[in-house]
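Asker: Below you'll find model_2.tsv; it's TSV, C-alpha atoms and all ligand atoms.
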```tsv
chain	number	residue	atom	x	y	z
J	28	MET	CA	0.00	0.00	0.00
J	29	PHE	CA	1.06	3.58	-0.60
J	30	SER	CA	1.15	6.33	2.03
J	31	ALA	CA	2.03	9.92	1.14
J	32	ILE	CA	4.04	11.94	3.63
J	33	TRP	CA	4.67	15.66	3.36
J	34	ALA	CA	4.56	19.04	5.08
J	35	GLU	CA	2.66	22.01	3.70
J	36	ASP	CA	1.99	25.56	4.74
J	37	GLU	CA	-1.46	27.10	5.11
J	38	ASN	CA	-1.67	27.54	1.31
J	39	GLY	CA	-0.55	24.03	0.42
J	40	LEU	CA	2.99	25.18	-0.42
J	41	ILE	CA	5.60	22.41	-0.20
J	42	GLY	CA	8.72	23.66	-1.99
J	43	ALA	CA	10.87	26.67	-2.83
J	44	GLY	CA	13.75	26.49	-5.32
J	45	GLY	CA	13.97	22.71	-5.05
J	46	LYS	CA	14.08	22.71	-1.25
J	47	LEU	CA	11.76	22.97	1.74
J	48	PRO	CA	10.59	26.54	2.45
J	49	TRP	CA	11.04	26.15	6.23
J	50	HIS	CA	13.34	24.66	8.81
J	51	LEU	CA	11.38	22.49	11.23
J	52	PRO	CA	13.75	19.90	12.73
J	53	ALA	CA	10.94	18.16	14.65
J	54	ASP	CA	9.12	17.55	11.37
J	55	LEU	CA	12.25	16.01	9.85
J	56	ASN	CA	12.44	13.75	12.91
J	57	TYR	CA	8.78	12.82	12.43
J	58	PHE	CA	9.51	11.96	8.77
J	59	LYS	CA	12.41	9.80	9.88
J	60	GLU	CA	10.43	8.08	12.62
J	61	LYS	CA	7.64	7.17	10.20
J	62	THR	CA	9.79	6.10	7.25
J	63	VAL	CA	12.77	4.23	8.78
J	64	GLY	CA	12.71	0.58	7.74
J	65	HIS	CA	10.43	1.29	4.79
J	66	ARG	CA	10.91	1.77	1.07
J	67	LEU	CA	10.15	5.27	-0.13
J	68	VAL	CA	9.46	6.74	-3.54
J	69	MET	CA	10.99	10.05	-4.54
J	70	GLY	CA	11.12	12.12	-7.73
J	71	LYS	CA	14.51	13.13	-9.01
J	72	ALA	CA	14.01	16.84	-8.22
J	73	THR	CA	13.36	16.04	-4.55
J	74	PHE	CA	16.29	13.63	-4.44
J	75	LEU	CA	18.64	16.28	-5.89
J	76	GLY	CA	17.23	18.91	-3.50
J	77	MET	CA	18.20	16.66	-0.61
J	78	GLY	CA	21.80	16.55	-1.81
J	79	ALA	CA	21.38	13.34	-3.88
J	80	ARG	CA	22.13	11.27	-0.80
J	81	PRO	CA	20.25	8.12	0.12
J	82	LEU	CA	18.42	8.26	3.43
J	83	PRO	CA	19.89	5.91	6.04
J	84	GLN	CA	17.96	2.75	7.01
J	85	ARG	CA	15.58	3.18	4.07
J	86	THR	CA	15.59	2.15	0.43
J	87	THR	CA	14.91	5.08	-1.88
J	88	LEU	CA	13.04	4.22	-5.07
J	89	LEU	CA	13.81	6.95	-7.55
J	90	LEU	CA	11.50	8.20	-10.27
J	91	THR	CA	13.45	9.46	-13.26
J	92	ARG	CA	13.33	8.93	-17.00
J	93	ASP	CA	17.10	9.49	-17.12
J	94	GLN	CA	18.53	6.01	-17.60
J	95	ASP	CA	22.07	7.33	-17.23
J	96	PHE	CA	21.48	8.86	-13.80
J	97	SER	CA	24.01	7.20	-11.52
J	98	LEU	CA	22.42	5.70	-8.45
J	99	PRO	CA	24.19	5.70	-5.11
J	100	LYS	CA	24.00	2.62	-2.85
J	101	GLY	CA	20.57	2.38	-1.24
J	102	VAL	CA	18.83	3.94	-4.24
J	103	GLU	CA	16.98	1.99	-6.92
J	104	ARG	CA	15.31	3.31	-10.04
J	105	ILE	CA	11.66	2.58	-10.72
J	106	ILE	CA	11.76	1.38	-14.31
J	107	SER	CA	8.02	1.57	-14.97
J	108	SER	CA	5.81	3.56	-12.60
J	109	ALA	CA	2.69	1.85	-13.99
J	110	GLU	CA	4.07	-1.61	-13.29
J	111	PHE	CA	5.35	-0.52	-9.88
J	112	ILE	CA	1.93	0.85	-8.90
J	113	ASP	CA	0.16	-2.23	-10.17
J	114	LYS	CA	2.43	-4.54	-8.19
J	115	ASN	CA	2.46	-2.61	-4.90
J	116	GLN	CA	-0.78	-0.70	-4.43
J	117	ASN	CA	-2.59	-3.52	-2.61
J	118	THR	CA	0.24	-5.12	-0.67
J	119	ALA	CA	0.54	-5.08	3.14
J	120	GLU	CA	3.91	-3.33	2.92
J	121	GLU	CA	3.62	0.40	3.59
J	122	ILE	CA	5.58	2.26	0.92
J	123	PHE	CA	5.99	5.98	1.51
J	124	ILE	CA	5.52	8.50	-1.28
J	125	ALA	CA	7.95	11.25	-0.31
J	126	GLY	CA	7.44	13.80	-3.09
J	127	GLY	CA	7.69	16.14	-4.72
J	128	ALA	CA	4.55	17.54	-6.27
J	129	GLY	CA	4.75	15.53	-9.52
J	130	THR	CA	5.36	12.32	-7.61
J	131	TYR	CA	2.49	12.93	-5.15
J	132	GLN	CA	0.21	13.67	-8.10
J	133	LEU	CA	1.15	10.44	-9.86
J	134	PHE	CA	0.55	8.25	-6.79
J	135	LEU	CA	-2.40	10.06	-5.15
J	136	PRO	CA	-5.16	8.00	-6.82
J	137	TYR	CA	-3.55	4.81	-5.45
J	138	THR	CA	-2.66	6.17	-1.99
J	139	LYS	CA	-4.51	4.90	1.09
J	140	LYS	CA	-3.03	7.00	3.87
J	141	LEU	CA	-1.82	10.59	4.15
J	142	TYR	CA	0.68	11.88	6.69
J	143	ARG	CA	0.31	15.63	6.36
J	144	THR	CA	2.16	18.10	8.53
J	145	LYS	CA	0.04	21.25	8.37
J	146	ILE	CA	1.91	24.44	9.19
J	147	ARG	CA	-0.20	27.44	10.20
J	148	HIS	CA	1.91	30.02	8.40
J	149	ALA	CA	2.33	31.31	4.83
J	150	TYR	CA	5.78	30.97	3.24
J	151	ALA	CA	7.12	32.03	-0.16
J	152	GLY	CA	7.83	29.32	-2.72
J	153	ASP	CA	6.97	27.74	-6.06
J	154	THR	CA	5.67	24.20	-5.55
J	155	HIS	CA	2.30	23.14	-4.11
J	156	PHE	CA	0.79	19.82	-3.13
J	157	PRO	CA	-1.66	18.68	-5.83
J	158	ALA	CA	-5.40	19.12	-5.32
J	159	VAL	CA	-6.92	16.57	-2.94
J	160	ASP	CA	-10.58	15.54	-2.97
J	161	TRP	CA	-10.95	15.77	0.80
J	162	ALA	CA	-14.47	14.27	0.66
J	163	ALA	CA	-12.75	10.93	0.00
J	164	TRP	CA	-10.68	11.15	3.21
J	165	HIS	CA	-11.24	11.22	6.97
J	166	LEU	CA	-8.96	12.67	9.63
J	167	CYS	CA	-7.68	9.91	11.93
J	168	SER	CA	-5.51	12.06	14.17
J	169	SER	CA	-4.03	15.54	14.52
J	170	VAL	CA	-1.27	16.16	17.04
J	171	PRO	CA	0.43	19.52	17.61
J	172	GLY	CA	4.13	19.49	16.74
J	173	PRO	CA	6.72	20.54	19.33
J	174	LYS	CA	7.84	24.13	18.77
J	175	ASP	CA	9.72	27.04	20.22
J	176	ALA	CA	8.36	30.57	20.50
J	177	GLU	CA	9.60	31.64	17.03
J	178	GLN	CA	8.06	28.72	15.18
J	179	PRO	CA	4.50	28.71	13.85
J	180	ASP	CA	1.92	26.22	15.08
J	181	TYR	CA	1.93	23.00	13.09
J	182	PHE	CA	0.10	19.70	13.33
J	183	PHE	CA	0.98	16.10	12.49
J	184	GLU	CA	-2.19	14.87	10.76
J	185	ILE	CA	-2.99	11.36	9.61
J	186	TRP	CA	-5.79	10.85	7.07
J	187	GLY	CA	-7.33	7.58	5.93
J	188	ARG	CA	-9.10	7.00	2.63
J	189	ASN	CA	-12.81	6.34	3.07
J	190	GLU	CA	-13.85	2.74	2.34
Y	201	LIG	N1	7.19	19.80	1.88
Y	201	LIG	C1	7.44	18.53	1.64
Y	201	LIG	O1	7.08	17.66	2.46
Y	201	LIG	C2	8.15	18.11	0.40
Y	201	LIG	C3	8.41	16.76	0.15
Y	201	LIG	C4	9.07	16.40	-1.02
Y	201	LIG	C5	9.45	17.39	-1.93
Y	201	LIG	N2	9.16	18.68	-1.65
Y	201	LIG	C6	9.54	19.74	-2.60
Y	201	LIG	O2	8.95	19.48	-3.87
Y	201	LIG	C7	9.78	20.11	-4.88
Y	201	LIG	C8	10.07	19.10	-6.01
Y	201	LIG	O3	8.86	18.66	-6.58
Y	201	LIG	P1	8.70	18.43	-8.16
Y	201	LIG	O4	7.28	18.12	-8.46
Y	201	LIG	O5	9.33	19.58	-8.85
Y	201	LIG	O6	9.65	17.21	-8.49
Y	201	LIG	P2	9.75	15.65	-8.06
Y	201	LIG	O7	8.42	14.99	-8.07
Y	201	LIG	O8	10.58	15.53	-6.84
Y	201	LIG	O9	10.65	15.10	-9.28
Y	201	LIG	C9	10.23	15.27	-10.61
Y	201	LIG	C10	11.04	14.35	-11.48
Y	201	LIG	O10	10.69	12.99	-11.22
Y	201	LIG	C11	10.75	12.25	-12.42
Y	201	LIG	N3	9.43	11.73	-12.73
Y	201	LIG	C12	8.22	12.29	-12.43
Y	201	LIG	N4	7.23	11.49	-12.89
Y	201	LIG	C13	7.80	10.40	-13.45
Y	201	LIG	C14	7.32	9.24	-14.08
Y	201	LIG	N5	6.00	9.00	-14.22
Y	201	LIG	N6	8.21	8.34	-14.55
Y	201	LIG	C15	9.53	8.56	-14.42
Y	201	LIG	N7	10.06	9.65	-13.81
Y	201	LIG	C16	9.20	10.57	-13.36
Y	201	LIG	C17	11.23	13.19	-13.49
Y	201	LIG	O11	12.67	13.11	-13.48
Y	201	LIG	P3	13.53	13.19	-14.83
Y	201	LIG	O12	13.40	14.61	-15.28
Y	201	LIG	O13	14.91	12.82	-14.42
Y	201	LIG	O14	12.93	12.21	-15.78
Y	201	LIG	C18	10.80	14.54	-12.96
Y	201	LIG	O15	11.56	15.60	-13.48
Y	201	LIG	C19	11.05	20.57	-4.15
Y	201	LIG	O16	10.95	21.95	-3.86
Y	201	LIG	C20	11.03	19.79	-2.87
Y	201	LIG	O17	11.71	20.42	-1.79
Y	201	LIG	C21	8.53	19.05	-0.51
```
Spell out the structure here as structure tokens.
Ligand SMILES: NC(=O)c1ccc[n+]([C@@H]2O[C@H](COP(=O)([O-])OP(=O)(O)OC[C@H]3O[C@@H](n4cnc5c(N)ncnc54)[C@H](OP(=O)(O)O)[C@@H]3O)[C@@H](O)[C@H]2O)c1
Answerer:
Amino acid sequence: MFSAIWAEDENGLIGAGGKLPWHLPADLNYFKEKTVGHRLVMGKATFLGMGARPLPQRTTLLLTRDQDFSLPKGVERIISSAEFIDKNQNTAEEIFIAGGAGTYQLFLPYTKKLYRTKIRHAYAGDTHFPAVDWAAWHLCSSVPGPKDAEQPDYFFEIWGRNE
């Protein structure tokens, strides 16, 4: 099964110049806590924005049409996204869709769970999460993230797809 995991601001912004528009270490820890031990899918732009390094204790499955792109250890290329989706969308294994926007868009119709960090602040940037039909989803939990006085309020939300 596929689960999408991301953080967005109050306008659905997720990226700025290939990177995250904010610095929220507790959200990065949350991402790590959820994804360690799992396979995760990432588009090449996101992978490059993270310094083209594989994430420890996880296998990164990279989406790129560039067959010559050299893959570091711990990174595998998804040869056919259609075949990959077909094979994995109904398995028990939780595979995390880790962005960016194009990758979320591609997997959203086949995604069963959403881990959305919602930040109550507006940032500047250029990349937004794709449109979600929220009528098809229900909120399972929403937990305030730990913050200091300078940080905006933000919430770790988990959404499930309606049966
Ligand atoms: N806030 C968050 O939680 C979060 C999470 C992740 C990313 N982001 C942000 O999102 C932004 C990047 O998003 P993005 O939409 O520009 O890029 P992306 O989804 O990370 O990567 C796009 C690339 O993936 C490859 N790709 C996409 N669809 C494919 C398909 N069907 N088959 C094969 N390859 C495919 C293509 O690579 P090739 O051109 O090599 O073929 C494409 O250029 C960055 O700013 C990043 O920081 C934010």
Asker: Find the residue from J:Arg104, J:Pro48, J:Thr138, J:Tyr131 that sits nearest to J:Thr118; use all atoms listed in the file when measuring.
Answerer: J:Thr138
Asker: Out of J:His148, J:Lys140, J:His65, J:His165, which residue has the shortest atom-to-atom distance to J:Pro179 when counting all atoms listed in the file?
Answerer: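 Result for the nearest residue to J:Pro179: J:His148.
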Asker: Taking all atoms listed in the file into account, which residues are within 8 Å of ligand LIG 201 (chain Y), as a VMD selection string?
Answerer: chain J and resid 32 to 35 40 to 48 69 to 74 76 to 77 89 to 93 96 105 to 109 125 to 131 133 144 153 to 155
Asker: Within 9 Å of (-12.7, 5.5, 4.2), only C-alpha atoms: residues as a short mmCIF file (atom, residue, chain, number, x, y, z; two decimals) with C-alpha atoms, in the coordinates of the input?
Answerer:
```
data_model
loop_
_atom_site.label_atom_id
_atom_site.label_comp_id
_atom_site.auth_asym_id
_atom_site.auth_seq_id
_atom_site.Cartn_x
_atom_site.Cartn_y
_atom_site.Cartn_z
CA LYS J 139 -4.51 4.90 1.09
CA ALA J 163 -12.75 10.93 0.00
CA TRP J 164 -10.68 11.15 3.21
CA HIS J 165 -11.24 11.22 6.97
CA GLY J 187 -7.33 7.58 5.93
CA ARG J 188 -9.10 7.00 2.63
CA ASN J 189 -12.81 6.34 3.07
CA GLU J 190 -13.85 2.74 2.34
#
```
Asker: Please determine, counting all atoms listed in the file, which residue among J:Glu184, J:Val170, J:Leu88, J:Met28 has the shortest atom-to-atom distance to J:Leu135.
Answerer: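 When distances to J:Leu135 are compared using all atoms listed in the file, the smallest one comes from J:Met28.
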Asker: Let me make sure I understand: among J:Ala53, J:Leu141, J:Val159, J:Ile112, which one has the smallest atom-to-atom distance to J:Val68 if we use only C-alpha atoms?
Answerer: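 Of J:Ala53, J:Leu141, J:Val159, J:Ile112, the one nearest J:Val68 is J:Ile112, counting only C-alpha atoms.
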Asker: In terms of the shortest atom-to-atom distance over all atoms listed in the file, which of J:Asp36, J:Arg85, J:Trp161, J:Pro173 is closest to J:Ile122?
Answerer: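 Smallest separation from J:Ile122 among the options: J:Arg85.
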Asker: What does the distance between atom CA of J:Thr62 and atom CA of J:Gln84 come to in Å, to one decimal place?
Answerer: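 It comes out at 8.8 Å.
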Asker: For atom CA of J:Trp186 and atom CA of J:Leu166, quote the distance in Å rounded to one decimal.
Answerer: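 So the two atoms, atom CA of J:Trp186 and atom CA of J:Leu166, lie 4.5 Å apart.
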Asker: Please compute the atom CA of J:Tyr142-atom CA of J:Tyr181 distance, one decimal, in Å.
Answerer: 12.9 Å
Asker: Which residue gives the smallest distance to J:Leu51 among J:Ile185, J:Ile146, J:Ala79, J:Val102, with only C-alpha atoms counted?
Answerer: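 The answer is J:Ile146, which sits nearest to J:Leu51.
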